[in-house]
Each structure stands twice: as structure tokens, then as C-alpha cells.
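Containing compact mmCIF, C-alpha atoms: protein24.txt.
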# COMPACT_ATOMS: atom_id res chain seq x y z
CA MET I 11 55.10 93.46 108.36
CA ILE I 12 56.55 95.20 105.30
CA ASP I 13 57.05 98.41 107.30
CA LEU I 14 58.89 96.44 110.00
CA LEU I 15 61.21 94.88 107.45
CA CYS I 16 61.95 98.28 105.91
CA MET I 17 62.79 99.63 109.36
CA VAL I 18 65.17 96.72 110.01
CA PHE I 19 67.02 97.38 106.76
CA LEU I 20 67.13 101.10 107.47
CA LEU I 21 68.53 100.78 111.00
CA GLY I 22 70.96 97.96 110.34
CA TYR I 23 71.06 94.33 109.33
CA VAL I 24 73.60 91.50 109.55
CA TYR I 25 72.85 88.07 108.12
CA GLU I 26 75.10 85.08 107.48
CA ASP I 27 74.51 81.50 106.38
CA SER I 28 76.29 79.07 104.06
CA ASP I 29 75.02 80.95 101.01
CA SER I 30 75.45 84.63 101.87
CA LEU I 31 76.91 87.31 104.09
CA LEU I 32 74.84 90.51 104.17
CA ILE I 33 75.82 93.60 106.16
CA ILE I 34 73.58 96.63 105.65
CA ASN I 35 74.11 99.82 107.67
CA ASP I 36 75.68 97.80 110.50
CA SER I 37 79.06 96.46 111.64
CA LEU I 38 80.58 93.02 112.10
CA VAL I 39 83.92 91.83 113.49
CA MET I 40 85.32 88.67 111.92
CA CYS I 41 88.51 86.83 110.99
CA GLY I 42 89.64 83.69 109.20
CA TYR I 43 88.38 82.00 106.02
CA HIS I 44 84.70 82.31 105.03
CA GLN I 45 83.24 80.70 101.92
CA TYR I 46 79.71 81.44 100.71
CA ASN I 47 77.80 79.69 97.95
CA ALA I 48 76.04 82.78 96.59
CA LYS I 49 77.25 86.24 97.58
CA VAL I 50 78.80 88.74 99.96
CA HIS I 51 77.03 92.13 100.10
CA LEU I 52 78.21 95.11 102.16
CA MET I 53 75.94 98.11 101.62
CA ASN I 54 74.77 101.45 103.04
CA ASN I 55 77.55 102.27 105.51
CA ALA I 56 78.34 98.67 106.38
CA LEU I 57 81.56 98.20 108.35
CA LEU I 58 83.46 94.92 108.37
CA LYS I 59 86.26 94.96 110.95
CA ILE I 60 89.09 92.43 111.27
CA ARG I 61 89.75 90.81 114.64
CA LEU I 62 93.12 91.73 116.17
CA TRP I 63 95.92 89.18 115.72
CA ASN I 64 96.59 87.32 118.97
CA GLY I 65 99.00 84.61 117.89
CA ILE I 66 96.24 82.30 116.60
CA ASP I 67 96.43 81.69 112.87
CA SER I 68 92.92 82.86 111.95
CA THR I 69 93.12 86.27 113.63
CA GLY I 70 94.55 89.37 111.97
CA LYS I 71 93.25 88.29 108.57
CA VAL I 72 90.03 87.69 106.68
CA ILE I 73 89.41 85.76 103.47
CA LEU I 74 86.00 86.13 101.80
CA HIS I 75 85.28 83.66 98.99
CA ALA I 76 82.01 83.76 97.04
CA PRO I 77 80.79 83.87 93.43
CA LEU I 78 79.79 87.54 93.88
CA ILE I 79 81.29 90.13 96.22
CA TYR I 80 79.56 93.52 96.15
CA ILE I 81 80.69 96.42 98.35
CA HIS I 82 78.82 99.72 98.07
CA ASN I 83 79.24 102.81 100.26
CA SER I 84 80.91 100.66 102.91
CA THR I 85 84.24 99.94 104.59
CA ILE I 86 86.48 96.99 105.37
CA ASP I 87 88.94 98.01 108.08
CA GLY I 88 91.92 95.99 109.29
CA SER I 89 94.12 98.90 110.36
CA GLY I 90 96.36 97.99 113.28
CA LYS I 91 94.97 94.44 113.44
CA GLY I 92 98.03 92.59 112.09
CA TYR I 93 101.21 91.53 113.89
CA LEU I 94 101.66 93.26 117.24
CA GLY I 95 104.24 95.87 118.10
CA GLY I 96 106.84 95.45 120.82
CA THR I 97 105.77 95.62 124.48
CA ASN I 98 107.20 94.96 127.96
CA THR I 99 107.05 91.19 127.53
CA HIS I 100 108.23 91.14 123.90
CA PRO I 101 110.21 94.32 123.07
CA ASP I 102 110.78 93.40 119.41
CA GLY I 103 107.77 93.60 117.16
CA TYR I 104 106.11 90.45 115.80
CA GLY I 105 106.07 89.23 112.20
CA SER I 106 108.68 88.33 109.59
CA GLY I 107 109.63 92.00 109.09
CA TYR I 108 109.49 93.02 112.74
CA GLY I 109 111.07 96.25 113.94
CA HIS I 110 113.82 95.75 116.52
CA ALA I 111 113.59 97.24 119.97
CA GLY I 112 116.03 99.98 120.86
CA VAL I 113 118.86 99.27 123.29
CA SER I 114 118.96 102.86 124.47
CA GLY I 115 117.09 104.46 121.61
CA GLY I 116 113.85 104.51 119.66
CA GLY I 117 112.35 101.33 118.26
CA GLY I 118 112.69 100.42 114.60
CA GLY I 119 109.73 100.51 112.25
CA GLY I 120 108.12 97.28 111.05
CA ALA I 121 108.27 96.14 107.42
CA TYR I 122 106.22 94.28 104.84
CA GLY I 123 106.25 95.67 101.28
CA GLY I 124 108.81 98.34 102.17
CA ALA I 125 111.63 98.49 104.70
CA GLY I 126 111.16 100.04 108.13
CA GLY I 127 113.25 102.96 109.35
CA GLU I 128 115.76 102.83 112.19
CA GLY I 129 114.90 104.54 115.47
CA GLY I 130 116.72 107.61 116.78
CA ASP I 131 119.29 108.24 119.56
CA VAL I 132 122.53 106.41 120.48
CA SER I 133 121.60 102.70 120.20
CA PRO I 134 118.30 102.56 118.34
CA GLY I 135 116.40 99.58 117.06
CA ALA I 136 116.92 98.56 113.45
CA GLY I 137 114.06 98.78 110.99
CA GLY I 138 112.43 95.63 109.66
CA VAL I 139 113.31 93.94 106.36
CA PRO I 140 110.62 93.49 103.63
CA TYR I 141 109.28 89.99 102.92
CA GLY I 142 107.24 88.46 100.11
CA ASN I 143 107.42 89.96 96.63
CA ILE I 144 105.51 92.33 94.41
CA SER I 145 103.67 90.05 91.99
CA ASP I 146 103.25 86.58 93.49
CA THR I 147 99.80 85.45 94.65
CA VAL I 148 100.70 85.43 98.37
CA ILE I 149 99.39 88.11 100.72
CA ASN I 150 100.21 88.61 104.40
CA MET I 151 99.83 90.82 107.45
CA GLY I 152 102.08 93.75 108.26
CA SER I 153 104.73 93.44 110.98
CA GLY I 154 104.87 95.35 114.26
CA GLY I 155 107.33 98.05 115.25
CA GLY I 156 109.95 97.65 117.95
CA ALA I 157 109.63 99.23 121.37
CA GLY I 158 111.77 102.15 122.53
CA ARG I 159 113.96 101.32 125.52
CA LEU I 160 116.25 103.01 128.01
CA GLY I 161 116.96 100.23 130.53
CA SER I 162 113.29 99.18 130.40
CA VAL I 163 110.59 99.46 127.77
CA ASP I 164 109.37 103.01 127.26
CA GLY I 165 107.22 103.56 124.16
CA PHE I 166 105.47 100.50 122.70
CA GLY I 167 105.71 99.65 119.00
CA GLY I 168 102.74 100.10 116.67
CA ASN I 169 100.81 97.12 115.30
CA GLY I 170 100.94 96.18 111.63
CA GLY I 171 97.94 96.17 109.32
CA ALA I 172 95.75 93.11 108.75
CA MET I 173 95.47 90.87 105.69
CA ILE I 174 92.32 91.25 103.55
CA TYR I 175 91.65 88.86 100.66
CA LEU I 176 88.56 88.95 98.42
CA LYS I 177 88.13 86.06 95.97
CA ALA I 178 85.17 85.78 93.60
CA GLN I 179 84.02 85.39 90.04
CA LYS I 180 83.00 89.06 90.17
CA VAL I 181 84.12 91.72 92.65
CA THR I 182 82.42 95.13 92.56
CA ILE I 183 83.60 97.90 94.88
CA ASP I 184 81.79 101.22 94.55
CA THR I 185 82.23 104.35 96.69
CA SER I 186 83.90 102.29 99.40
CA SER I 187 87.19 101.87 101.26
CA ILE I 188 89.48 99.02 102.24
CA PHE I 189 92.01 99.89 104.95
CA CYS I 190 94.81 97.84 106.48
CA ASN I 191 97.13 100.61 107.65
CA GLY I 192 99.83 100.19 110.27
CA MET I 193 99.62 101.93 113.64
CA ARG I 194 101.78 104.80 114.79
CA GLY I 195 104.41 103.91 117.37
CA TYR I 196 103.69 105.06 120.90
CA ASP I 197 105.31 108.19 122.27
CA GLY I 198 107.80 107.58 125.07
CA SER I 199 108.90 109.62 128.03
CA TYR I 200 112.41 109.28 126.60
CA GLU I 201 112.47 106.62 123.83
CA ALA I 202 109.57 106.11 121.42
CA GLY I 203 108.26 103.02 119.65
CA GLY I 204 108.54 102.30 115.94
CA GLY I 205 105.52 102.30 113.65
CA GLY I 206 103.71 99.18 112.44
CA SER I 207 103.89 98.35 108.75
CA GLY I 208 101.01 98.41 106.32
CA GLY I 209 99.21 95.12 105.81
CA GLY I 210 98.11 93.30 102.67
CA ILE I 211 95.10 93.64 100.35
CA LYS I 212 94.46 91.08 97.63
CA ILE I 213 91.55 90.96 95.18
CA GLN I 214 91.21 88.03 92.79
CA ALA I 215 88.31 87.67 90.36
CA ASP I 216 87.42 87.02 86.76
CA THR I 217 85.84 90.49 86.64
CA VAL I 218 87.00 93.32 88.89
CA ARG I 219 85.14 96.64 88.96
CA ILE I 220 86.37 99.36 91.34
CA LYS I 221 84.98 102.90 91.11
CA TYR I 222 85.22 105.97 93.38
CA SER I 223 86.98 103.93 96.05
CA ALA I 224 90.18 103.77 98.08
CA MET I 225 92.53 100.99 99.12
CA GLN I 226 95.19 101.75 101.70
CA ALA I 227 98.02 99.73 103.21
CA LYS I 228 99.91 102.70 104.61
CA ALA I 229 102.62 102.46 107.25
CA GLY I 230 102.50 103.87 110.76
CA ALA I 231 104.77 106.73 111.80
CA GLY I 232 107.29 106.45 114.58
CA GLY I 233 106.41 107.87 117.99
CA ASP I 234 107.97 111.02 119.48
CA ALA I 235 110.12 111.27 122.62
CA ALA I 236 112.61 113.50 124.41
CA GLY I 237 115.44 111.10 123.54
CA GLY I 238 114.96 109.04 120.37
CA GLY I 239 112.09 109.06 117.94
CA GLY I 240 110.69 105.78 116.68
CA GLY I 241 111.39 104.60 113.14
CA GLY I 242 108.70 104.95 110.52
CA ALA I 243 107.39 101.66 109.17
CA GLY I 244 107.34 100.32 105.63
CA GLY I 245 104.21 100.32 103.51
CA GLY I 246 102.24 97.15 102.82
CA ARG I 247 101.22 95.39 99.60
CA ILE I 248 98.17 95.70 97.33
CA LYS I 249 97.61 93.01 94.69
CA VAL I 250 94.75 92.75 92.18
CA PHE I 251 94.42 89.76 89.82
CA TYR I 252 91.75 89.67 87.12
CA ALA I 253 90.69 88.59 83.66
CA VAL I 254 88.65 91.76 83.02
CA ILE I 255 89.07 95.01 84.95
CA ASP I 256 87.23 98.33 85.07
CA THR I 257 88.50 101.06 87.40
CA GLY I 258 87.94 104.77 87.80
CA ASN I 259 88.63 107.34 90.50
CA LEU I 260 90.57 104.74 92.44
CA ILE I 261 92.96 105.95 95.15
CA LEU I 262 95.74 103.56 96.20
CA SER I 263 98.29 104.18 98.94
CA VAL I 264 101.14 102.08 100.37
CA SER I 265 103.19 105.01 101.67
CA GLY I 266 105.94 104.61 104.24
CA GLY I 267 105.66 106.08 107.72
CA THR I 268 107.56 109.17 108.83
CA GLY I 269 110.19 108.87 111.52
CA GLY I 270 109.31 110.17 114.98
CA ILE I 271 110.90 113.28 116.49
CA GLY I 272 113.46 112.93 119.28
CA GLY I 273 115.59 115.41 121.19
CA TYR I 274 118.70 113.26 120.60
CA GLY I 275 117.80 111.81 117.22
CA ASN I 276 114.84 111.49 114.94
CA GLY I 277 113.69 108.14 113.66
CA GLU I 278 114.24 107.32 110.00
CA ASN I 279 111.39 107.32 107.53
CA GLY I 280 110.07 103.99 106.31
CA PHE I 281 109.90 103.04 102.63
CA SER I 282 106.82 102.73 100.44
CA GLY I 283 105.26 99.34 99.85
CA THR I 284 104.16 97.80 96.55
CA ILE I 285 101.14 97.82 94.24
CA TYR I 286 100.58 95.17 91.59
CA PHE I 287 97.78 94.71 89.02
CA GLY I 288 98.04 91.64 86.81
CA PRO I 289 95.95 89.18 84.78
CA LEU I 290 94.88 85.87 86.27
CA VAL I 291 96.68 84.05 83.46
CA ALA I 292 100.26 85.23 83.61
CA ALA I 293 101.10 87.35 80.61
CA GLU I 294 104.53 85.73 80.48
CA GLU I 295 102.86 82.65 79.01
CA ILE I 296 102.27 84.70 75.84
CA PHE I 297 104.69 87.60 76.06
CA GLN I 298 108.28 87.75 77.20
CA ASN I 299 109.41 90.63 79.42
CA ASP I 300 113.07 90.87 78.40
CA LEU I 301 113.92 94.56 78.54
CA SER I 302 117.45 94.29 77.20
CA VAL I 303 116.64 96.60 74.27
CA TYR I 304 114.39 99.18 75.96
CA ASN I 305 112.82 100.11 79.27
CA ILE I 306 109.37 101.46 80.20
CA LEU I 307 108.84 103.75 83.19
CA PRO I 308 106.73 103.71 85.33
CA GLY I 309 105.12 100.25 85.46
CA ILE I 310 101.92 101.73 86.90
CA THR I 311 100.77 104.94 85.17
CA ASN I 312 97.88 107.39 85.18
CA GLY I 313 98.25 108.02 81.45
CA TRP I 314 101.88 108.88 80.69
CA PHE I 315 104.98 106.70 80.44
CA THR I 316 108.54 107.11 79.21
CA VAL I 317 110.42 104.82 76.81
CA CYS I 318 114.21 104.61 77.08
CA SER I 319 115.37 102.83 73.93
CA GLU I 320 118.52 101.98 72.00
CA LYS I 321 116.59 103.06 68.90
CA ASN I 322 115.59 106.62 68.07
CA THR I 323 113.31 105.67 65.19
CA GLY I 324 110.57 103.12 64.72
CA GLU I 325 107.04 102.43 65.86
CA LEU I 326 105.79 101.78 69.40
CA LEU I 327 102.93 99.27 69.61
CA ILE I 328 100.41 98.97 72.48
CA TYR I 329 98.59 95.64 72.93
CA ASN I 330 95.75 94.64 75.24
CA PRO I 331 95.87 91.29 77.14
CA ALA I 332 94.04 89.57 74.27
CA GLY I 333 96.95 90.45 71.97
CA ARG I 334 95.07 93.08 69.91
CA THR I 335 96.91 96.24 68.91
CA VAL I 336 95.09 99.22 70.46
CA LYS I 337 97.51 102.03 69.63
CA LYS I 338 100.58 102.81 67.48
CA MET I 339 102.97 105.72 68.07
CA ARG I 340 106.13 106.93 66.36
CA ILE I 341 109.50 106.96 68.12
CA SER I 342 111.73 109.95 67.39
CA ASN I 343 114.10 110.05 70.39
CA ARG I 344 116.01 107.60 72.56
CA ILE I 345 114.14 108.95 75.59
CA GLN I 346 110.56 109.88 74.79
CA LYS I 347 107.30 110.41 76.68
CA PHE I 348 104.02 108.88 75.44
CA GLU I 349 100.38 109.36 76.44
CA ILE I 350 97.71 106.62 76.61
CA SER I 351 95.19 108.35 78.88
CA GLU I 352 92.41 107.85 76.32
CA LEU I 353 92.60 104.06 76.73
CA PRO I 354 90.45 102.23 79.32
CA ASN I 355 92.07 101.31 82.63
CA GLY I 356 93.80 97.95 82.70
CA ILE I 357 96.91 96.00 81.73
CA TYR I 358 98.71 96.73 78.45
CA PHE I 359 101.83 95.41 76.74
CA VAL I 360 104.30 97.68 74.99
CA LYS I 361 106.89 96.78 72.37
CA ILE I 362 108.94 98.43 69.69
CA ASP I 363 108.15 97.06 66.25
CA GLY I 364 110.84 94.59 65.23
CA CYS I 365 111.84 93.72 68.81
CA LYS I 366 110.86 90.42 70.42
CA SER I 367 110.51 91.68 73.98
CA PHE I 368 107.38 93.15 75.59
CA ALA I 369 107.02 95.37 78.67
CA LYS I 370 103.88 95.35 80.84
CA ILE I 371 102.25 98.53 82.16
CA THR I 372 99.12 99.09 84.24
CA LEU I 373 96.91 102.09 83.46
CA ILE I 374 94.95 103.48 86.45
CA LYS I 375 93.24 106.87 86.04
Translate the structure of the given file into C-alpha cells.
Amino acid sequence: MIDLLCMVFLLGYVYEDSDSLLIINDSLVMCGYHQYNAKVHLMNNALLKIRLWNGIDSTGKVILHAPLIYIHNSTIDGSGKGYLGGTNTHPDGYGSGYGHAGVSGGGGGGAYGGAGGEGGDVSPGAGGVPYGNISDTVINMGSGGGAGRLGSVDGFGGNGGAMIYLKAQKVTIDTSSIFCNGMRGYDGSYEAGGGGSGGGIKIQADTVRIKYSAMQAKAGAGGDAAGGGGGGAGGGRIKVFYAVIDTGNLILSVSGGTGGIGGYGNGENGFSGTIYFGPLVAAEEIFQNDLSVYNILPGITNGWFTVCSEKNTGELLIYNPAGRTVKKMRISNRIQKFEISELPNGIYFVKIDGCKSFAKITLIK
């Protein structure tokens, strides 16, 4: 009996009840909201796939809610499962940031976190407009690209990426991947379709631990055609909310899609989406983020940031979310580069001594 159980776990195993979802070396397709009383475990090459959006509210997205979510050496994949691209019956893409169909040109790229690119040729479809914002708690699917047309639909638009939301007291992701990329627009005989935008990934937990893993909400490229190339789509959104965070060797991507190639005009490239890491309790309740005196660039850093200040002397203070000073550095120029790569990954607050305003930065190495 023990040998039989070991064989089952080795070959593949899927189990679900009100307490737990377990996927071990197997795959499962699901969508909608799922709450478990104990845990969600994806292990040993488990694959959780999102069901394609079909106009019903629960498809194209998955929400997993449990006290513990543990993902090891596994994948959650919602690429191309969000809002649909344009087709014969609906030439414009679907979704709030849909790419427009071409009149006699390539279709426009879909949008979510970033804008979609316009298609190529004489009368192309316009790219989609971004929706939502960087740091709120809302997450959504990516929008579809518009179809390429020359009298009738030629190349279809690519689908957007799905919405993936993990909510727990503790989320651990180790040597795993979460994908919700947009699809490439279809090539056309003369006018190509626009790409689908990247979808949305949201993780919310008291403790978040992500190591040796990747999260992608990349946009689809525009298709190629003899006339007009399809527009590249905009990237999606990645949001992580936490009280305590530990990350390392984490690869994030919300890149825009490249425009397709056309003999009479290439499609435009889409724009990158957004990435946000922030504490569960908004830092603005303690710190103000009025940057009238100085500015910090970039907001997300791998160890270096630049301070542009009205002062060329003074002390720069680095605080953790608990309000403890973790580093002090001297300012000697109005524009100066600083290194904090020795600090643990997470959220920090930066201020110049004597100023009231704080700036927030996220360190990801």
C-alpha cells in the first residue's frame, strides 16, 4: 500500500476539498474564486492553467485564498487566457483597453498597464489605452488586440493575459513561474492583428517569500503582413502587498510588445506595464511622500538609486517600514548616486535630514 501511494505521488496527484488544493507533478485547469481552509500546495512540476475567458465573469481569472500558499518547482500559467482579440464577428479586441481594428491597416495592440501601439499601413487600428493604476489593490485581465482588415478581417488580434491573484497569511514561491503574458497578433495575408496585452498578477500576504522565481505579464507582439503590421501591445501589471517580504533571484517582466512588420508600414511598439511592491498598511499613514524638495530615481532598484536635491550638503537617512534607521549617507552634490545593495530586499523610505518629506523605494536584487 505504501509503495502504491509513493507511485501515485511520483506520477502525479491532484486533490481538492474545502481545506486544501494539492497538485503534485500534474496539471489542473481552473478559474474563478477558490477559498481553502488550510493550504494550497503546487509541487514537483505542477501546472495550474487558467481557463480561457469566454464572456462569463469567472473565466480568464483565478483567485486562490488560503492561510498558506506554497509553490515549489511549479508553474501557474494564464498566458493568452484574458480578454479575446478581434475576430470576424468582433473586429475590435475585448476589454477596457482593447486594440482597435484596422480600417485598411493592421490592428492596434491591446493595453492594460501600458499603452498599445498603433497598427501599420494607411488606416490602421489605434492602440488601446491603459486602465487601472500602479498601486491600488485592484487587479484585472489584459485586453485583446484589434484585428487587421482590408475590406474584411484578415489577421486576428491576440488575446490578453489572465488575472492571477494569490491571497494568504503566508505565500512562498520557490523555483517557480507565474505567467500571464499576452498573445502575439496573428499574421495576415495583407493586414496583421495587434498583440494582446499582458495580464495582472497580484500577491497579498502577511509574509511573502519569493526565491529563484519569475513573474511575467509581458505583452504580445503585433503580427506580420505584406501590407500593415499589427501594433505591439502594452505590458500588464504586477502587484505585491505584504507586511514582511523576502526575495532573491526574482525576475519580473511587464515589457511591451514589438510592432509587427508590414510592407506598407510597421506596427508601433507597445509600452511597458507596471510593477508595484508595497506594505499592506499604507506607508502614507506614517510617512508623507511630498517630493517638493528632492526626488528619488528609480522607485524600484536593484541596489543603486539617484537623489536629485535642492541641497548639496546634509545627511541622507534610510528607514525600514518599522521606522528604524538602517543606513545614513552623506550628501555632497545636488545629483548623487547611492548604493544600498547590502540591505535585505524590501520597502525602504528615504529622506534628507531636516526635511519633512519621505520617498519610498523598493529594493529587489
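Excluding Leu373 in chain I itself and any same-chain residue fewer than 4 positions from it, the protein and nucleic acid residues within 6 Å of it, counting only C-alpha atoms, are I:Thr311, I:Asn312, I:Asn355, I:Gly356.
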Determine the nearest neighbour of Ile285 in chain I from the options I:Asp67, I:Asp131, I:Glu201, I:Asp146, counting all atoms listed in the file.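 The closest residue to Ile285 in chain I is I:Asp146.
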Rank I:Ser207, I:Thr316, I:Ser187, I:Asn322 by their smallest atom-to-atom distance to Gly230 in chain I, using all atoms listed in the file, and report the top residue only.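 With all atoms listed in the file as the atom set, the closest residue is I:Ser207.
The nearest approach to Gly170 in chain I among the residues I:Lys337, I:Lys221, I:Lys228, I:Lys249, with all atoms listed in the file taken into account, belongs to I:Lys228.
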Polymer residues at most 7 Å from range 32-42 of chain I, all atoms listed in the file, same-chain spacing of 3 or more positions, as a list in words: Phe19, Leu21, Gly22, Tyr23, Val24, Tyr25, Glu26, Val50, His51, Leu52, Met53, Asn54, Asn55, Ala56, Leu57, Leu58, Lys59, Ile60, Arg61, Ser68, Thr69, Gly70, Lys71, Val72 and Ile73 of chain I
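Shortest atom-to-atom contact with Gly65 in chain I among I:Tyr104, I:Gln45, I:Tyr80, I:Lys370: I:Tyr104, counting only C-alpha atoms.
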Smallest atom-to-atom distance to Val264 in chain I: which of I:Val139, I:Val360, I:Ala121, I:Met339, using only C-alpha atoms? I:Ala121
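With all atoms listed in the file as the atoms that count, the residue of I:Asp363, I:Asp184, I:Asp102, I:Asp164 with the shortest distance to Gly137 in chain I is I:Asp102.
Distance-wise, CA of Asn98 in chain I and CA of Gly280 in chain I end up 23.6 Å apart.
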In Å, rounded to a single decimal, give me how far CA of Leu307 in chain I is from CA of Ala215 in chain I. 27.0 Å
Interface rows for range 101-185 of chain I against range 222-227 of chain I: nearest pair, Å to one decimal, 8 Å, all atoms listed in the file, as a Markdown table:
| residue | atom | partner | partner_atom | distance |
| --- | --- | --- | --- | --- |
| I:Gly171 | CA | I:Ala227 | CA | 7.1 |
| I:Ile183 | CA | I:Ser223 | CA | 7.0 |
| I:Asp184 | CA | I:Tyr222 | CA | 6.0 |
| I:Thr185 | CA | I:Tyr222 | CA | 4.7 |
CA of Gly129 in chain I and CA of Gly168 in chain I are how many Å apart?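 CA of Gly168 in chain I lies 13.0 Å from CA of Gly129 in chain I.
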Residues within 10 Å of Val181 in chain I, only C-alpha atoms, excluding chain neighbours under 5 positions, as a list of chain:residue names: I:Val50, I:Ala76, I:Pro77, I:Leu78, I:Ile79, I:Tyr80, I:Ile81, I:Leu176, I:Ile213, I:Gln214, I:Ala215, I:Asp216, I:Thr217, I:Val218, I:Arg219, I:Ile220, I:Tyr252, I:Ile255
Please provide as an mmCIF file with C-alpha atoms, in the coordinates of the input all residues within 10 Å of Tyr329 in chain I, with the sequence filter that same-chain residues fewer than 6 positions apart are discarded (counting all atoms listed in the file).
data_model
loop_
_atom_site.group_PDB
_atom_site.id
_atom_site.type_symbol
_atom_site.label_atom_id
_atom_site.label_comp_id
_atom_site.auth_asym_id
_atom_site.auth_seq_id
_atom_site.Cartn_x
_atom_site.Cartn_y
_atom_site.Cartn_z
ATOM 1 C CA THR I 335 96.910 96.240 68.910
ATOM 2 C CA VAL I 336 95.090 99.220 70.460
ATOM 3 C CA LYS I 337 97.510 102.030 69.630
ATOM 4 C CA LYS I 338 100.580 102.810 67.480
ATOM 5 C CA ILE I 357 96.910 96.000 81.730
ATOM 6 C CA TYR I 358 98.710 96.730 78.450
ATOM 7 C CA PHE I 359 101.830 95.410 76.740
ATOM 8 C CA VAL I 360 104.300 97.680 74.990
ATOM 9 C CA LYS I 361 106.890 96.780 72.370
ATOM 10 C CA PHE I 368 107.380 93.150 75.590
ATOM 11 C CA LYS I 370 103.880 95.350 80.840
#
Quick one: 3 Å padding each side, axis-aligned, all listed atoms of range 246-252 of chain I - centre and edge lengths in Å to one decimal, as lines of an AutoDock Vina configuration file?
center_x = 97.0
center_y = 93.4
center_z = 95.0
size_x = 16.5
size_y = 13.5
size_z = 21.7
Reconstruct all heavy atoms of range 97-105 of chain I; output as a PDB file, in the frame of the given file.
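Wrote it out as result-v2.pdb, contents follow:
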ATOM      1  N   THR I  97     106.303  95.238 123.166  1.00  0.00           N
ATOM      2  CA  THR I  97     105.770  95.620 124.480  1.00  0.00           C
ATOM      3  C   THR I  97     106.770  95.237 125.563  1.00  0.00           C
ATOM      4  O   THR I  97     107.893  94.811 125.270  1.00  0.00           O
ATOM      5  CB  THR I  97     104.436  94.896 124.756  1.00  0.00           C
ATOM      6  OG1 THR I  97     104.675  93.475 124.789  1.00  0.00           O
ATOM      7  CG2 THR I  97     103.397  95.212 123.676  1.00  0.00           C
ATOM      8  N   ASN I  98     106.338  95.336 126.839  1.00  0.00           N
ATOM      9  CA  ASN I  98     107.200  94.960 127.960  1.00  0.00           C
ATOM     10  C   ASN I  98     107.661  93.515 127.878  1.00  0.00           C
ATOM     11  O   ASN I  98     108.818  93.192 128.141  1.00  0.00           O
ATOM     12  CB  ASN I  98     106.450  95.173 129.287  1.00  0.00           C
ATOM     13  CG  ASN I  98     106.254  96.631 129.607  1.00  0.00           C
ATOM     14  OD1 ASN I  98     107.183  97.414 129.555  1.00  0.00           O
ATOM     15  ND2 ASN I  98     105.027  97.009 129.949  1.00  0.00           N
ATOM     16  N   THR I  99     106.743  92.620 127.536  1.00  0.00           N
ATOM     17  CA  THR I  99     107.050  91.190 127.530  1.00  0.00           C
ATOM     18  C   THR I  99     107.730  90.725 126.249  1.00  0.00           C
ATOM     19  O   THR I  99     108.312  89.644 126.221  1.00  0.00           O
ATOM     20  CB  THR I  99     105.772  90.368 127.747  1.00  0.00           C
ATOM     21  OG1 THR I  99     104.821  90.720 126.733  1.00  0.00           O
ATOM     22  CG2 THR I  99     105.170  90.667 129.120  1.00  0.00           C
ATOM     23  N   HIS I 100     107.644  91.504 125.201  1.00  0.00           N
ATOM     24  CA  HIS I 100     108.230  91.140 123.900  1.00  0.00           C
ATOM     25  C   HIS I 100     108.650  92.430 123.217  1.00  0.00           C
ATOM     26  O   HIS I 100     107.931  92.954 122.357  1.00  0.00           O
ATOM     27  CB  HIS I 100     107.194  90.376 123.070  1.00  0.00           C
ATOM     28  CG  HIS I 100     107.763  89.672 121.876  1.00  0.00           C
ATOM     29  ND1 HIS I 100     108.148  90.320 120.722  1.00  0.00           N
ATOM     30  CD2 HIS I 100     108.029  88.358 121.662  1.00  0.00           C
ATOM     31  CE1 HIS I 100     108.595  89.438 119.842  1.00  0.00           C
ATOM     32  NE2 HIS I 100     108.533  88.234 120.382  1.00  0.00           N
ATOM     33  N   PRO I 101     109.826  92.989 123.566  1.00  0.00           N
ATOM     34  CA  PRO I 101     110.210  94.320 123.070  1.00  0.00           C
ATOM     35  C   PRO I 101     110.323  94.424 121.554  1.00  0.00           C
ATOM     36  O   PRO I 101     110.012  95.482 120.985  1.00  0.00           O
ATOM     37  CB  PRO I 101     111.560  94.565 123.749  1.00  0.00           C
ATOM     38  CG  PRO I 101     111.534  93.710 124.975  1.00  0.00           C
ATOM     39  CD  PRO I 101     110.778  92.489 124.577  1.00  0.00           C
ATOM     40  N   ASP I 102     110.787  93.378 120.880  1.00  0.00           N
ATOM     41  CA  ASP I 102     110.780  93.400 119.410  1.00  0.00           C
ATOM     42  C   ASP I 102     109.346  93.261 118.914  1.00  0.00           C
ATOM     43  O   ASP I 102     108.501  92.638 119.570  1.00  0.00           O
ATOM     44  CB  ASP I 102     111.602  92.252 118.843  1.00  0.00           C
ATOM     45  CG  ASP I 102     113.095  92.416 119.068  1.00  0.00           C
ATOM     46  OD1 ASP I 102     113.549  93.568 119.200  1.00  0.00           O
ATOM     47  OD2 ASP I 102     113.801  91.386 119.105  1.00  0.00           O
ATOM     48  N   GLY I 103     109.077  93.819 117.756  1.00  0.00           N
ATOM     49  CA  GLY I 103     107.770  93.600 117.160  1.00  0.00           C
ATOM     50  C   GLY I 103     107.619  92.167 116.681  1.00  0.00           C
ATOM     51  O   GLY I 103     108.581  91.392 116.615  1.00  0.00           O
ATOM     52  N   TYR I 104     106.394  91.780 116.343  1.00  0.00           N
ATOM     53  CA  TYR I 104     106.110  90.450 115.800  1.00  0.00           C
ATOM     54  C   TYR I 104     106.051  90.512 114.275  1.00  0.00           C
ATOM     55  O   TYR I 104     105.863  91.570 113.693  1.00  0.00           O
ATOM     56  CB  TYR I 104     104.775  89.941 116.338  1.00  0.00           C
ATOM     57  CG  TYR I 104     104.777  89.562 117.800  1.00  0.00           C
ATOM     58  CD1 TYR I 104     104.597  90.530 118.775  1.00  0.00           C
ATOM     59  CD2 TYR I 104     104.947  88.240 118.203  1.00  0.00           C
ATOM     60  CE1 TYR I 104     104.568  90.198 120.126  1.00  0.00           C
ATOM     61  CE2 TYR I 104     104.925  87.889 119.549  1.00  0.00           C
ATOM     62  CZ  TYR I 104     104.735  88.870 120.503  1.00  0.00           C
ATOM     63  OH  TYR I 104     104.726  88.531 121.831  1.00  0.00           O
ATOM     64  N   GLY I 105     106.164  89.333 113.646  1.00  0.00           N
ATOM     65  CA  GLY I 105     106.070  89.230 112.200  1.00  0.00           C
ATOM     66  C   GLY I 105     107.435  89.073 111.551  1.00  0.00           C
ATOM     67  O   GLY I 105     108.478  89.368 112.156  1.00  0.00           O
TER      68      GLY I 105
END
